[in-house]
Amino acid sequence: MAKERVFELIRNEEVVLFIGAGMSISAGYPSGVKLAEILHEGLTDELKSDIPLNYDLSKLTEEICNMKGGNKNYLFSSLKKIFQKTPTSTETHQLLAKIPHFKNIITTNYDTLIESTNKNIEVIRKSADYSIADPKKTFLFKIHSDLSDTENIILTTSDYINYFSKAKENTVFWNAVRDRLASNHILFIGYGMEDSNINVLLDKIIEELGSNKKEIFFVSPSITPAKLKYFQRLGIEYIESTGEKLINEIHEDLRLNYFTNLSKGIGVAGTALDFANANQISITLEKKEEKIGISNIKSLDKNQNHKIEVKFELPKNETTESILNSLNGKNFDDIHINHTDFTELNFFFNGFRFKTKEDIANLIVKKLPFYDFKIHIIFDDDFEIDNYPFKLYCINPNENEFHIKIELDDFNVVIKIEFKTIEDETKYNVEILPNDEIKSTMSGLKFYQILSRIATNQKFKIYQDNKLLYSYSPKLIFDENTFDAKLLLKYFQNLKKIEKHFDVRFSKISLNKTFEKSIEKIISYIDKKSIPQKFDGHSFKIEDKNEFDKFVQTGNDERVLIMSENKKTIVELYDNKFEIGYLHNIIYNIVVENWENVKSNKENEIIMKSKDNLIYLQYSDNETLISNSPKQKK
């Protein structure tokens, strides 16, 4: 259809807009026919009898001018009274100003509605204006001039004849107009077929452009069969509509389709920015191959409205059941919908469509919490934490169960309550679910400082914005090792100690037991304390006879054995490497288990044992370690 074709051409910025008086009627200004009536009504009775009312405006003004001896003062003063009064409405022209896709507008109107409602307009009335026009702005060619330049205004038949003379046609101004008309499609809005100058304009354009002309569209609410045949003969497409209605439809089409087409390689970055800005929206554009991507969509005023329209079909499987349970408030799960399940999806911001299902790989619908704010917690031992993120979700899996999920930074606390008919039989189940990756040591430390106190049944109070929100007295009595709270508090305390000693920061922390040994080694190095481990004995041979005799002569008194590595130890922990010195293996209270056989030369393999069955690992910056006292093992 012609209208859809016009929309497509406008999106591609290939249309010159040709505006007539009909576009100004809604502003309270007259059409050509009405203007003729007003001018005739303003004449004296004597002139009215000499000049019959002629709805052909140019012929009427020609006769008035002739009867006044060529003086146009009456015409100019009348036009100023009509077109310099405040318009009753500029709604259509303000909407037109929000459509930067018209790079060139041509008008025969005398009013200033277009330029007064659009700050990005460069008005061109004559050749001198064209030479200094800002090429970054939209050009408004006023081919009949206006009341600011009455010397060049086109009003009478004589003016038209003079305007289309060969001398005028070769001016810079008319050449610029001709160039726009030849290189673009043309959309006529606001003209009625009773306007005598429209036939002159159409004939002139067809004559000028000939077979090289592009598509021409003419908008009017009604047309006679004869005029329709005339258009068909000239190859002009007729669109039955008013100018006001079509401008609204053009804006509506751009609102729905322009931004989504950018991702398909259709559209211009500069125009997209101008279009967004004109409609009070800020966007960031990114070049992706030959296409344009949009991000950081924001409102330039206080109005900010997001809307997603989605239709989808889901197969009957476990995923569908989970989605339905989520929608019905039976689980905490977010809803994940794959691209293949969409039948329709549109993302709108302030009424403008930015994405369709082709732009979105999948959709995640996240559950909103019942409460979402920061809290201040104070325990009975005066420990407190301020500005702690708190989110609370509730679900009702079935008639007899109620579940609460509390999000505290990187941790989830899930409380499941199963109601029984007898109050004492109500069951509680509490789960602690850390995120797979905890973002920082402080995040984990704060949580387990809180949890370890709850596990030891301390009272606490919660405040929001300095107002008491909740006061807790232990109702469920926990063992102090509940949730491994004490152990995990120590875990994060050790991480904090390592951060401080080595001047590092841990991130993406996982509560993985494989790191426990690494932390233990690093802490033993920092604290200069040894790590006791089980020792099952050690055997060795002394091949040199002199050395063997010396060993036998020392007897089987208790001794200390130190075995030191000759390389410094490197420990890896959460993407960091730590140098913790040389490893020294220290065995106290050591005796030779087969001493009698060694002493009598029955065996040359020495089997050593420790009375406490322990070996102590110590990391030191010193390559050698002398130890004569068991005190060093503390």
# chains A, B, ... in the order shown; residues from 1 in each chain; ligands from 1
call {"tool": "residues_around", "arguments": {"residues": "Val365 (chain A)", "least_positions_apart": "2", "cutoff": "8 Å", "atoms": "only C-alpha atoms", "output": "PyMOL selection string"}}
result
chain A and resi 334-336+363+367
call {"tool": "residues_around", "arguments": {"residues": "region 309-324 of chain A", "least_positions_apart": "3", "cutoff": "12 Å", "atoms": "only C-alpha atoms", "output": "ChimeraX atom specification"}}
result
/A:306,327-349,351,353-357,360,362-367,397
call {"tool": "atom_distance", "arguments": {"atom1": "CA of Gln493 (chain A)", "atom2": "CA of Asn429 (chain A)"}}
result
27.6 Å
call {"tool": "atom_distance", "arguments": {"atom1": "CA of Arg233 (chain A)", "atom2": "CA of Phe188 (chain A)"}}
result
16.9 Å
call {"tool": "residues_around", "arguments": {"residues": "Ile377 (chain A)", "least_positions_apart": "4", "cutoff": "7 Å", "atoms": "only C-alpha atoms", "output": "number ranges by chain"}}
result
A: 384-386, 460-463
call {"tool": "closest_residue", "arguments": {"among": "A:Asn248, A:Ile189, A:Asn199, A:Thr441", "to": "Phe231 (chain A)", "atoms": "only C-alpha atoms"}}
result
A:Asn199
call {"tool": "residues_around", "arguments": {"residues": "Gly444 (chain A)", "least_positions_apart": "6", "cutoff": "12 Å", "atoms": "only C-alpha atoms", "output": "PyMOL selection string"}}
result
chain A and resi 408-412+434-435+437-438+450-452+485+488-496+506-511
call {"tool": "closest_residue", "arguments": {"among": "A:Leu187, A:Ile247, A:Leu201, A:Ser131", "to": "His144 (chain A)", "atoms": "only C-alpha atoms"}}
result
A:Leu201
call {"tool": "residues_around", "arguments": {"residues": "Ile294 (chain A)", "least_positions_apart": "5", "cutoff": "9 Å", "atoms": "only C-alpha atoms", "output": "list of chain:residue names"}}
result
A:Phe259, A:Leu262, A:Ser263, A:Ile283, A:Thr284, A:Leu285, A:Glu286, A:Phe354
call {"tool": "write_last_selection", "arguments": {"atoms": "C-alpha atoms", "output": "PDB file, in the first residue's frame"}}
result
ATOM      1  CA  PHE A 259      15.173   1.874  16.499  1.00  0.00           C
ATOM      2  CA  LEU A 262      19.092  -0.068  13.365  1.00  0.00           C
ATOM      3  CA  SER A 263      20.200  -3.549  14.432  1.00  0.00           C
ATOM      4  CA  ILE A 283      20.837   6.597  23.948  1.00  0.00           C
ATOM      5  CA  THR A 284      24.368   5.352  23.324  1.00  0.00           C
ATOM      6  CA  LEU A 285      25.155   3.907  19.906  1.00  0.00           C
ATOM      7  CA  GLU A 286      27.790   1.264  19.161  1.00  0.00           C
ATOM      8  CA  PHE A 354      13.782  -0.698  20.953  1.00  0.00           C
TER       9      PHE A 354
END
call {"tool": "closest_residue", "arguments": {"among": "A:Lys541, A:His101, A:Lys81, A:Lys521", "to": "Ala272 (chain A)", "atoms": "only C-alpha atoms"}}
result
A:His101
call {"tool": "atom_distance", "arguments": {"atom1": "CA of Tyr525 (chain A)", "atom2": "CA of Tyr616 (chain A)"}}
result
12.7 Å
call {"tool": "closest_residue", "arguments": {"among": "A:Phe502, A:Phe447, A:Phe551, A:Phe540", "to": "Asn576 (chain A)", "atoms": "only C-alpha atoms"}}
result
A:Phe502
call {"tool": "select_by_dssp", "arguments": {"residues": "region 287-491 of chain A", "states": "helix (DSSP H, G or I)", "output": "VMD selection string"}}
result
chain A and resid 318 to 327 339 to 341 357 to 359 423 to 425 441 to 455 482 to 491
call {"tool": "residues_around", "arguments": {"residues": "region 54-66 of chain A", "least_positions_apart": "5", "cutoff": "6 Å", "atoms": "only C-alpha atoms", "output": "PyMOL selection string"}}
result
chain A and resi 33+36+71-72+155-157+196
